[in-house]
Every structure is written in C-alpha cells, then in structure tokens.
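To start, the structure itself, in structure tokens.
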Amino acid sequence: MSLTFHWFLPTNGDSRHVVGGGHGTPATASGRDRPPTVAYLSQIARAAEDLGFVGALTPTGAWCEDAWLTTAMVSQHTERLKFLVAFRPGFVSPTLAAQMAATFQRQTGGRLLLNVVTGGESHEQRAYGDFLDKDARYRRTGEFLEVVRSLWEGGTVDFKGEHLQVEDAKLARVPDPVPEVYFGGSSPIAGEVAARYADVYLTWGEPPAQVAEKIAWVRELAARRGRTPRFGIRLHVITRDTSEEAWAEANRLLAGFDPQTVRSVQAGLARSESEGQRRMLALHGGGSRDGLEIHPNLWAGIGLVRGGAGTALVGSHDEVAERIREYAALGIEEFVLSGYPHLEEAYWFGEGVLPRLAARGVWRHPFHAEPASAIQTPFAS
C-alpha cells in the first residue's frame with residue numbers, strides 16, 4: 001500500500017505567519033502578505049505536483065476565494081495534480097453541481113475530487129440565503145448526494161425529498177472518471193451521511209486514540225450498508241532537519257499570535273455549531289498557550305487563531321514520518337497537509353519526509369515509474 005498525500009491551496013492568502021480565520025471568523029491581516037493570485041497559487045500547485053502530492057485541497061467560505069473558479073484557473077497551469085474542491089451543497093442545485101463536476105473532469109483530464117462541506121455555522125449560511133438548521137443541512141446534503149451520484153451513473157433522475165426535488169434530470173455527458181467524494185463531520189447525523197455516500201471520510205488532526213475511535217465509528221456505520229470507505233486526516237506540518245529547528249519555528253509562529261486576535265478568534269469559534277470545531281477547541285482549552293503538544297509531535301497551536309483544522313505535526317523529518325506511520329497503522333490512508341508559508345513548507349515536507357516514507361516502503365511518488373526503494377534518500381533504516 002502507498003499512502004496518498006495532498007497539499008493545500010491558501011485561497012485566503014498566505015504568509016510566513018499563520019493566516020487565521022475560517023468557520024465564521026474573518027481571515028487575519030497576515031493573509032495579505034501573499035495575496036491568493038492565480039500566479040502564486042499555481043506556483044504552489046506546481047511545487048506540490050513535482051514533489052509527489054496527488055491533489056490539493058481548496059477551501060470554501062466567505063473568508064476565501066471561490067474554490068470552483070480558482071481551481072479551474074490553476075488547473076490550466078498544472079498537468080497531473082488533482083483538485084480537492086470544497087463546496088457546500090446548499091448553495092447550488094444538485095443537477096448543476098453534477099454538470100459542473102462533469103465539465104471539470106473533461107477540461108482537466110479527470111483531475112477533480114470533491115470535498116462536500118455541509119456548513120457548521122448558521123450565521124454564515126444565512127449570509128448566503130440558507131436558513132436551515134444544522135441537522136436539516138445534513139439531511140439536505142444526503143439528498144443532494146443521492147441525486148448527484150444517480151446523475152453520475154447516467155440515469156434519468158426523478159427525486160422528491162424533504163429539501164430537494166428534481167424531475168427528469170439527466171446529464172448529457174457523465175464525468176469520466178466519476179469524482180470521489182470526501183466528507184467529514186463528527187456529529188451523529190454526519191456519520192450517517194458519510195457512511196452512505198463518502199468515498200473518503202476525513203477527520204481533523206486529533207490524537208491517535210481519538211482518531212481510532214472515529215474510524216471505528218464510521219467503519220461500522222458504513223459496514224451496515226455494505227460499504228468500505230477509505231479514511232483521511234487533515235493536518236498542518238512543521239518539519240525540519242532537527243526537532244529543535246522545527247519547535248523553534250512553531251514557537252516563532254506562536255510568538256506572532258496577538259493576544260487580542262486569539263481572544264477574538266476563540267470567541268467566534270466558541271459560537272460554532274460544529275462538533276468537529278468543538279473537539280478542536282477542547283485540544284487547547286479554548287485559547288491556552290500551555291500544554292499545546294497534546295501527543296508526541298502533535299501541536300494544537302494553530303487552532304488558537306484558525307478555525308477548522310487546528311493541529312500540526314511538528315518535529316524532525318524522522319519524527320514526522322513516524323507520526324504519519326502511527327496514523328497509517330490506525331487505517332488512515334490519505335493525508336491532507338498544509339504549512340506556512342505553503343510554498344516553502346511543501347518543499348520541507350516533500351524533500352524531507354516523503355523520501356523517508358519511501359525508504360520505509362509506505363509511499364511512492366505517484367508520477368514516477370521507479371519503485372519507492374529506488375528513490376534516493378538520506379534515511380538509513
């Protein structure tokens with residue numbers, strides 16, 4: 001088995017400091033250090049492609065650029081990198097979304113992956129005209145995916161649900177290949193939707209014991225339906241030649257967190273309806289700067305100023321490789337990673353950690369023909 005790695009396109013801006021925001025909170029000022037231009041995002045995408053990342057996640061929300069439009073433009077500056085496009089089902093009809101996905105596949109040579117985001121913040125949803133409560137949004141997501149998957153199979157769809165209805169819906173051309181659906185969520189109803197429709201269930205970077213519980217939970221729900229999804233994890237990374245260098249970088253980032261910004265972001269995130277966000281906040285006690293290493297090499301400092309994924313793997317290249325193997329032993333096959341700034345950190349991870357994983361036989365470059373054992377690495381097993 002070869003593990004799969006994805007990178008991240010910072011469509012809310014990039015910086016040598018942590019760009020905060022998300023989950024109903026605005027992006028921090030540092031997001032203006034490197035604006036999310038197509039030129040800069042394409043530079044990151046090409047680096048990720050060369051280093052061996054399979055895809056790149058692009059976020060969704062009022063705090064960043066539109067994921068569909070941005071990735072469509074960046075895709076024209078890359079050749080093989082896939083785009084894990086985050087989108088919210090409540091903002092577009094299922095038939096149009098199915099058609100958009102089919103078009104994206106044809107125009108990029110099959111390089112679309114879909115990250116379905118139900119939306120955990122009612123106040124942000126209402127800004128887009130969506131006034132359903134959280135559980136209703138998840139039920140609508142289930143209906144949405146039922147219609148979309150049926151259309152991708154090439155059939156004519158008539159569907160009447162609690163929230164969505166289509167009649168005589170059909171695609172003139174189905175996508176080839178059918179995009180895989182990535183889906184996350186920690187509430188009971190999120191688990192039900194994931195079990196029915198997700199190809200890959202994504203969790204944020206919690207300690208291994210908590211991740212193992214989530215995997216067992218979703219795996220059991222899916223097994224009842226005769227399904228076997230894969231599992232992925234969303235993490236930041238700070239990896240250097242030595243552990244001391246990596247932690248020095250983490251401490252530099254932490255020193256740059258303005259106390260007022262931390263208080264403001266934490267107050268906003270405390271209002272979140274997302275169960276996953278609640279679990280992220282619990283890892284650092286709602287804003288404490290103490291005890292942020294919550295598992296060996298797992299640091300919760302990012303979550304002080306950023307919503308959503310708030311943990312980072314911090315350590316030497318060998319240490320980070322070992323933590324990845326620890327998660328892989330639980331059943332995690334895909335890793336969606338990021339780091340500040342995203343261009344430089346892609347190289348730190350791609351040139352430092354991936355060769356070590358190749359030497360251990362758990363990763364091979366997806367675009368190179370040679371076996372992993374042939375890849376040159378300074379690591380000695």
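Residues in the structure tokens are named by chain (A, B, ... in the order shown) and by number from 1 within that chain; ligands are numbered from 1 in the order shown.
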
Inset, instruction - Within 12 Å of Ala101 of chain A, counting only C-alpha atoms, which residues show up once you throw out same-chain ones fewer than 2 positions away? Write them as a PyMOL selection string, please. - result: chain A and resi 68+72+83-87+94-99+103-115+148-149+151-152+171+173-181

Those selected residues, please, written with N, CA, C and O atoms and delivered as a compact mmCIF listing (two decimals), in the first residue's frame.
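See selection.txt below for the written result:
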# COMPACT_ATOMS: atom_id res chain seq x y z
N TRP A 68 -14.31 26.62 -6.85
CA TRP A 68 -14.53 26.14 -8.21
C TRP A 68 -13.77 26.99 -9.22
O TRP A 68 -13.03 26.49 -10.07
N ALA A 72 -10.29 25.92 -11.29
CA ALA A 72 -10.41 25.82 -12.74
C ALA A 72 -9.30 26.60 -13.43
O ALA A 72 -8.73 26.15 -14.44
N PHE A 83 -7.52 18.33 -7.88
CA PHE A 83 -8.00 19.43 -7.05
C PHE A 83 -9.17 18.95 -6.20
O PHE A 83 -10.21 18.54 -6.73
N LEU A 84 -8.95 19.00 -4.89
CA LEU A 84 -9.97 18.60 -3.92
C LEU A 84 -10.79 19.84 -3.60
O LEU A 84 -10.46 20.63 -2.71
N VAL A 85 -11.85 20.04 -4.37
CA VAL A 85 -12.63 21.27 -4.33
C VAL A 85 -13.69 21.18 -3.23
O VAL A 85 -14.57 20.32 -3.28
N ALA A 86 -13.58 22.05 -2.25
CA ALA A 86 -14.59 22.10 -1.19
C ALA A 86 -15.78 22.93 -1.66
O ALA A 86 -15.61 24.00 -2.25
N PHE A 87 -16.97 22.40 -1.41
CA PHE A 87 -18.17 23.17 -1.77
C PHE A 87 -19.32 22.77 -0.84
O PHE A 87 -19.30 21.73 -0.20
N PRO A 94 -28.32 20.28 -7.14
CA PRO A 94 -27.56 19.04 -7.37
C PRO A 94 -27.32 18.76 -8.85
O PRO A 94 -26.26 18.25 -9.23
N THR A 95 -28.27 19.09 -9.71
CA THR A 95 -28.09 18.84 -11.14
C THR A 95 -26.99 19.72 -11.71
O THR A 95 -26.14 19.27 -12.48
N LEU A 96 -26.98 21.00 -11.32
CA LEU A 96 -25.94 21.89 -11.79
C LEU A 96 -24.58 21.46 -11.25
O LEU A 96 -23.58 21.47 -11.97
N ALA A 97 -24.51 21.05 -9.98
CA ALA A 97 -23.25 20.60 -9.41
C ALA A 97 -22.72 19.36 -10.14
O ALA A 97 -21.52 19.25 -10.41
N ALA A 98 -23.61 18.44 -10.44
CA ALA A 98 -23.20 17.24 -11.19
C ALA A 98 -22.67 17.63 -12.57
O ALA A 98 -21.68 17.05 -13.06
N GLN A 99 -23.31 18.61 -13.20
CA GLN A 99 -22.87 19.07 -14.52
C GLN A 99 -21.52 19.79 -14.42
O GLN A 99 -20.63 19.59 -15.26
N THR A 103 -18.04 18.73 -16.31
CA THR A 103 -17.27 19.66 -17.13
C THR A 103 -15.84 19.76 -16.63
O THR A 103 -14.88 19.74 -17.41
N PHE A 104 -15.67 19.87 -15.33
CA PHE A 104 -14.34 19.97 -14.74
C PHE A 104 -13.51 18.74 -15.10
O PHE A 104 -12.33 18.86 -15.48
N GLN A 105 -14.11 17.57 -15.03
CA GLN A 105 -13.39 16.34 -15.37
C GLN A 105 -12.92 16.35 -16.83
O GLN A 105 -11.79 15.98 -17.14
N ARG A 106 -13.80 16.76 -17.72
CA ARG A 106 -13.43 16.76 -19.14
C ARG A 106 -12.33 17.79 -19.43
O ARG A 106 -11.40 17.52 -20.20
N GLN A 107 -12.44 18.96 -18.82
CA GLN A 107 -11.50 20.03 -19.15
C GLN A 107 -10.14 19.88 -18.46
O GLN A 107 -9.18 20.54 -18.84
N THR A 108 -10.06 19.01 -17.45
CA THR A 108 -8.79 18.83 -16.74
C THR A 108 -8.22 17.43 -16.91
O THR A 108 -7.17 17.12 -16.34
N GLY A 109 -8.86 16.59 -17.68
CA GLY A 109 -8.39 15.22 -17.81
C GLY A 109 -8.63 14.38 -16.58
O GLY A 109 -7.80 13.54 -16.22
N GLY A 110 -9.77 14.61 -15.91
CA GLY A 110 -10.15 13.78 -14.77
C GLY A 110 -9.45 14.12 -13.47
O GLY A 110 -9.13 13.23 -12.69
N ARG A 111 -9.24 15.42 -13.21
CA ARG A 111 -8.45 15.80 -12.04
C ARG A 111 -9.27 16.46 -10.94
O ARG A 111 -8.78 17.27 -10.16
N LEU A 112 -10.55 16.09 -10.82
CA LEU A 112 -11.42 16.65 -9.79
C LEU A 112 -11.70 15.64 -8.69
O LEU A 112 -12.02 14.48 -8.95
N LEU A 113 -11.58 16.10 -7.45
CA LEU A 113 -12.07 15.41 -6.26
C LEU A 113 -12.99 16.39 -5.54
O LEU A 113 -12.78 17.61 -5.60
N LEU A 114 -14.01 15.89 -4.86
CA LEU A 114 -14.98 16.78 -4.23
C LEU A 114 -14.98 16.63 -2.72
O LEU A 114 -15.15 15.52 -2.19
N ASN A 115 -14.79 17.75 -2.03
CA ASN A 115 -14.89 17.79 -0.57
C ASN A 115 -16.22 18.43 -0.21
O ASN A 115 -16.37 19.65 -0.30
N VAL A 148 -26.91 13.60 -7.05
CA VAL A 148 -25.67 13.75 -7.81
C VAL A 148 -25.10 12.40 -8.22
O VAL A 148 -24.71 12.17 -9.38
N ARG A 149 -25.03 11.47 -7.28
CA ARG A 149 -24.49 10.15 -7.61
C ARG A 149 -25.35 9.42 -8.65
O ARG A 149 -24.84 8.73 -9.54
N LEU A 151 -27.12 10.86 -10.98
CA LEU A 151 -26.86 11.50 -12.28
C LEU A 151 -25.53 11.04 -12.85
O LEU A 151 -25.41 10.81 -14.06
N TRP A 152 -24.53 10.90 -12.00
CA TRP A 152 -23.22 10.45 -12.48
C TRP A 152 -23.26 9.02 -13.03
O TRP A 152 -22.41 8.63 -13.83
N LEU A 171 -27.78 14.09 -17.25
CA LEU A 171 -26.58 14.73 -17.80
C LEU A 171 -26.38 14.31 -19.25
O LEU A 171 -26.51 13.14 -19.58
N ARG A 173 -23.51 14.37 -20.68
CA ARG A 173 -22.26 13.61 -20.64
C ARG A 173 -21.88 13.40 -19.19
O ARG A 173 -21.72 14.37 -18.44
N VAL A 174 -21.71 12.17 -18.78
CA VAL A 174 -21.35 11.87 -17.40
C VAL A 174 -19.85 12.06 -17.22
O VAL A 174 -19.08 11.96 -18.19
N PRO A 175 -19.41 12.34 -16.00
CA PRO A 175 -17.97 12.52 -15.77
C PRO A 175 -17.22 11.21 -15.87
O PRO A 175 -17.72 10.15 -15.49
N ASP A 176 -16.02 11.29 -16.41
CA ASP A 176 -15.18 10.10 -16.55
C ASP A 176 -13.74 10.50 -16.19
O ASP A 176 -13.10 11.24 -16.94
N PRO A 177 -13.25 10.02 -15.03
CA PRO A 177 -13.92 9.16 -14.07
C PRO A 177 -14.89 9.94 -13.18
O PRO A 177 -14.83 11.18 -13.15
N VAL A 178 -15.75 9.21 -12.48
CA VAL A 178 -16.64 9.84 -11.52
C VAL A 178 -15.80 10.39 -10.36
O VAL A 178 -14.94 9.67 -9.83
N PRO A 179 -15.96 11.64 -9.99
CA PRO A 179 -15.14 12.20 -8.91
C PRO A 179 -15.41 11.49 -7.58
O PRO A 179 -16.55 11.15 -7.26
N GLU A 180 -14.35 11.27 -6.82
CA GLU A 180 -14.53 10.71 -5.49
C GLU A 180 -15.01 11.79 -4.53
O GLU A 180 -14.65 12.97 -4.66
N VAL A 181 -15.83 11.38 -3.57
CA VAL A 181 -16.43 12.29 -2.60
C VAL A 181 -15.70 12.16 -1.27
O VAL A 181 -15.64 11.07 -0.69

Give me, as a PDB file with N, CA, C and O atoms, in the first residue's frame, all polymer residues having an atom no more than 9 Å from Ala270 of chain A, counting only C-alpha atoms and skipping those fewer than 5 positions away in the same chain.
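Contents of result-v2.pdb, freshly written:
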ATOM      1  N   VAL A 265     -10.744  35.442  17.945  1.00  0.00           N
ATOM      2  CA  VAL A 265     -10.981  34.226  17.175  1.00  0.00           C
ATOM      3  C   VAL A 265     -11.625  33.155  18.049  1.00  0.00           C
ATOM      4  O   VAL A 265     -12.588  32.490  17.639  1.00  0.00           O
ATOM      5  N   GLN A 277     -15.399  21.309  15.342  1.00  0.00           N
ATOM      6  CA  GLN A 277     -14.756  22.513  15.865  1.00  0.00           C
ATOM      7  C   GLN A 277     -14.719  22.488  17.382  1.00  0.00           C
ATOM      8  O   GLN A 277     -13.731  22.903  18.008  1.00  0.00           O
ATOM      9  N   ARG A 278     -15.772  22.000  18.015  1.00  0.00           N
ATOM     10  CA  ARG A 278     -15.776  21.890  19.472  1.00  0.00           C
ATOM     11  C   ARG A 278     -14.638  20.986  19.936  1.00  0.00           C
ATOM     12  O   ARG A 278     -13.944  21.286  20.915  1.00  0.00           O
ATOM     13  N   LEU A 281     -11.326  22.869  19.702  1.00  0.00           N
ATOM     14  CA  LEU A 281     -11.154  23.834  20.786  1.00  0.00           C
ATOM     15  C   LEU A 281     -10.764  23.139  22.082  1.00  0.00           C
ATOM     16  O   LEU A 281      -9.965  23.664  22.873  1.00  0.00           O
ATOM     17  N   GLY A 286      -9.537  26.090  24.705  1.00  0.00           N
ATOM     18  CA  GLY A 286     -10.220  27.321  24.344  1.00  0.00           C
ATOM     19  C   GLY A 286      -9.339  28.547  24.294  1.00  0.00           C
ATOM     20  O   GLY A 286      -9.829  29.669  24.436  1.00  0.00           O
TER      21      GLY A 286
END

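For the residues A:Ala47, A:Val19, A:Ala267, A:Ile324, ranking by smallest atom-to-atom distance to Pro35 of chain A using only C-alpha atoms places A:Val19 first.
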
Inset, instruction - Please return as JSON, numbers by chain: the residues of segment 62-243 of chain A that backbone DSSP assigns to alpha helix (DSSP H). - result: {"A": [67, 68, 69, 70, 71, 72, 73, 74, 94, 95, 96, 97, 98, 99, 100, 101, 102, 103, 104, 105, 106, 107, 108, 122, 123, 124, 125, 126, 127, 134, 135, 136, 137, 138, 139, 140, 141, 142, 143, 144, 145, 146, 147, 148, 149, 150, 151, 152, 188, 189, 190, 191, 192, 193, 194, 195, 196, 197, 208, 209, 210, 211, 212, 213, 214, 215, 216, 217, 218, 219, 220, 221, 222, 223, 243]}

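Take the candidates A:Ser75, A:Thr141, A:Thr261, A:Gln210 and check each one against Gly90 of chain A using only C-alpha atoms; the shortest distance goes to A:Thr141.
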
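Using only C-alpha atoms, the contacts of Asp14 of chain A at a cut-off of 12 Å, with sequence neighbours closer than 5 positions omitted, comprise A:Phe8, A:Leu9, A:Val19, A:Gly20, A:Ala27, A:Thr28, A:Ala29, A:Ser30, A:Gly31, A:Arg32, A:Asp33, A:Arg34, A:Pro35, A:Pro36, A:Thr37, A:Tyr40, A:Leu41, A:Ile44, A:Cys64, A:Ser338, A:Gly339, A:Tyr340, A:Pro341, A:His342, A:Leu343, A:Glu344, A:Glu345.
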
Residues as selected, N, CA, C and O atoms, written as a tab-separated table (two decimals), in the first residue's frame, can you do that?
chain	number	residue	atom	x	y	z
A	8	PHE	N	-2.39	21.90	0.07
A	8	PHE	CA	-3.47	22.87	0.31
A	8	PHE	C	-3.19	24.13	-0.48
A	8	PHE	O	-2.05	24.60	-0.53
A	9	LEU	N	-4.22	24.69	-1.10
A	9	LEU	CA	-4.10	25.97	-1.79
A	9	LEU	C	-4.71	27.06	-0.91
A	9	LEU	O	-5.92	27.07	-0.68
A	19	VAL	N	-2.11	32.26	8.89
A	19	VAL	CA	-3.25	33.02	8.39
A	19	VAL	C	-4.49	32.47	9.08
A	19	VAL	O	-4.93	31.35	8.80
A	20	GLY	N	-5.03	33.23	10.01
A	20	GLY	CA	-6.19	32.78	10.77
A	20	GLY	C	-7.49	32.99	10.03
A	20	GLY	O	-7.53	33.50	8.91
A	27	ALA	N	-10.51	36.18	7.88
A	27	ALA	CA	-9.08	35.94	7.74
A	27	ALA	C	-8.30	37.05	8.42
A	27	ALA	O	-8.71	38.21	8.43
A	28	THR	N	-7.16	36.69	9.03
A	28	THR	CA	-6.35	37.68	9.71
A	28	THR	C	-5.56	38.52	8.71
A	28	THR	O	-5.43	38.15	7.55
A	29	ALA	N	-5.01	39.63	9.20
A	29	ALA	CA	-4.32	40.58	8.32
A	29	ALA	C	-3.14	39.96	7.61
A	29	ALA	O	-2.77	40.39	6.52
A	30	SER	N	-2.51	38.94	8.23
A	30	SER	CA	-1.35	38.32	7.60
A	30	SER	C	-1.68	37.67	6.27
A	30	SER	O	-0.79	37.40	5.47
A	31	GLY	N	-2.97	37.45	6.02
A	31	GLY	CA	-3.37	36.88	4.75
A	31	GLY	C	-3.08	37.78	3.57
A	31	GLY	O	-3.14	37.35	2.42
A	32	ARG	N	-2.73	39.05	3.86
A	32	ARG	CA	-2.41	39.99	2.78
A	32	ARG	C	-0.93	39.96	2.44
A	32	ARG	O	-0.48	40.65	1.53
A	33	ASP	N	-0.13	39.19	3.19
A	33	ASP	CA	1.31	39.13	2.91
A	33	ASP	C	1.57	38.61	1.50
A	33	ASP	O	2.40	39.12	0.77
A	34	ARG	N	0.87	37.52	1.17
A	34	ARG	CA	0.97	36.94	-0.17
A	34	ARG	C	-0.46	36.73	-0.68
A	34	ARG	O	-1.12	35.76	-0.35
A	35	PRO	N	-0.96	37.65	-1.46
A	35	PRO	CA	-2.34	37.54	-1.94
A	35	PRO	C	-2.54	36.25	-2.74
A	35	PRO	O	-1.60	35.77	-3.41
A	36	PRO	N	-3.75	35.69	-2.71
A	36	PRO	CA	-4.01	34.43	-3.41
A	36	PRO	C	-4.25	34.62	-4.90
A	36	PRO	O	-5.32	34.29	-5.44
A	37	THR	N	-3.24	35.11	-5.59
A	37	THR	CA	-3.35	35.29	-7.03
A	37	THR	C	-3.24	33.93	-7.72
A	37	THR	O	-2.68	32.97	-7.17
A	40	TYR	N	0.47	32.95	-7.91
A	40	TYR	CA	1.08	32.39	-6.71
A	40	TYR	C	0.51	31.00	-6.39
A	40	TYR	O	1.26	30.07	-6.07
A	41	LEU	N	-0.79	30.84	-6.47
A	41	LEU	CA	-1.40	29.54	-6.20
A	41	LEU	C	-0.91	28.49	-7.19
A	41	LEU	O	-0.71	27.32	-6.83
A	44	ILE	N	2.46	27.20	-6.06
A	44	ILE	CA	2.31	26.18	-5.02
A	44	ILE	C	1.87	24.86	-5.64
A	44	ILE	O	2.39	23.79	-5.30
A	64	CYS	N	-12.59	33.24	1.88
A	64	CYS	CA	-11.58	32.88	0.88
A	64	CYS	C	-12.17	33.03	-0.52
A	64	CYS	O	-13.37	33.26	-0.69
A	338	SER	N	-0.80	20.98	5.11
A	338	SER	CA	-0.55	22.38	4.78
A	338	SER	C	0.50	22.92	5.74
A	338	SER	O	0.84	22.27	6.74
A	339	GLY	N	1.03	24.11	5.45
A	339	GLY	CA	2.01	24.73	6.32
A	339	GLY	C	2.29	26.14	5.86
A	339	GLY	O	2.06	26.48	4.70
A	340	TYR	N	2.83	26.96	6.77
A	340	TYR	CA	3.03	28.38	6.48
A	340	TYR	C	4.52	28.71	6.34
A	340	TYR	O	5.29	28.42	7.25
A	341	PRO	N	4.87	29.37	5.22
A	341	PRO	CA	4.06	29.58	4.01
A	341	PRO	C	3.97	28.29	3.21
A	341	PRO	O	4.84	27.42	3.29
A	342	HIS	N	2.93	28.17	2.41
A	342	HIS	CA	2.63	26.89	1.77
A	342	HIS	C	3.63	26.49	0.71
A	342	HIS	O	3.81	25.30	0.46
A	343	LEU	N	4.26	27.44	0.09
A	343	LEU	CA	5.26	27.10	-0.93
A	343	LEU	C	6.49	26.48	-0.28
A	343	LEU	O	6.91	25.37	-0.64
A	344	GLU	N	7.07	27.17	0.68
A	344	GLU	CA	8.28	26.66	1.33
A	344	GLU	C	8.01	25.38	2.11
A	344	GLU	O	8.82	24.45	2.08
A	345	GLU	N	6.89	25.34	2.83
A	345	GLU	CA	6.64	24.17	3.66
A	345	GLU	C	6.36	22.92	2.83
A	345	GLU	O	6.65	21.80	3.26

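The gap separating atom CA of Gly52 of chain A from atom CA of Ala329 of chain A is 21.4 Å, in Å to one decimal.
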
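Of the residues listed (A:Phe257, A:Tyr201, A:Trp217, A:Phe349), A:Phe257 shows the shortest atom-to-atom separation from His17 of chain A; distances use only C-alpha atoms.
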
Inset, instruction - For segment 137-139 of chain A, please output as a ChimeraX atom specification all residues within 12 Å (counting only C-alpha atoms; exclusion window: fewer than 4 positions along the same chain). - result: /A:88-91,116-122,125-126,130-133,143-146,161-164,183-194,196,273-274

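In this structure, atom CA of Gly268 of chain A sits 19.6 Å away from atom CA of Gly256 of chain A.
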
Inset, instruction - Give the strand (DSSP E) residues of segment 259-338 of chain A, as assigned by DSSP on the backbone, as number ranges by chain. - result: A: 293-295, 298-299, 312-316, 334-338

Inset, instruction - Skip Gly61 of chain A itself and residues of its chain fewer than 5 positions away, then list as a PyMOL selection string all residues within 8 Å of it, counting only C-alpha atoms. - result: chain A and resi 22-23+66
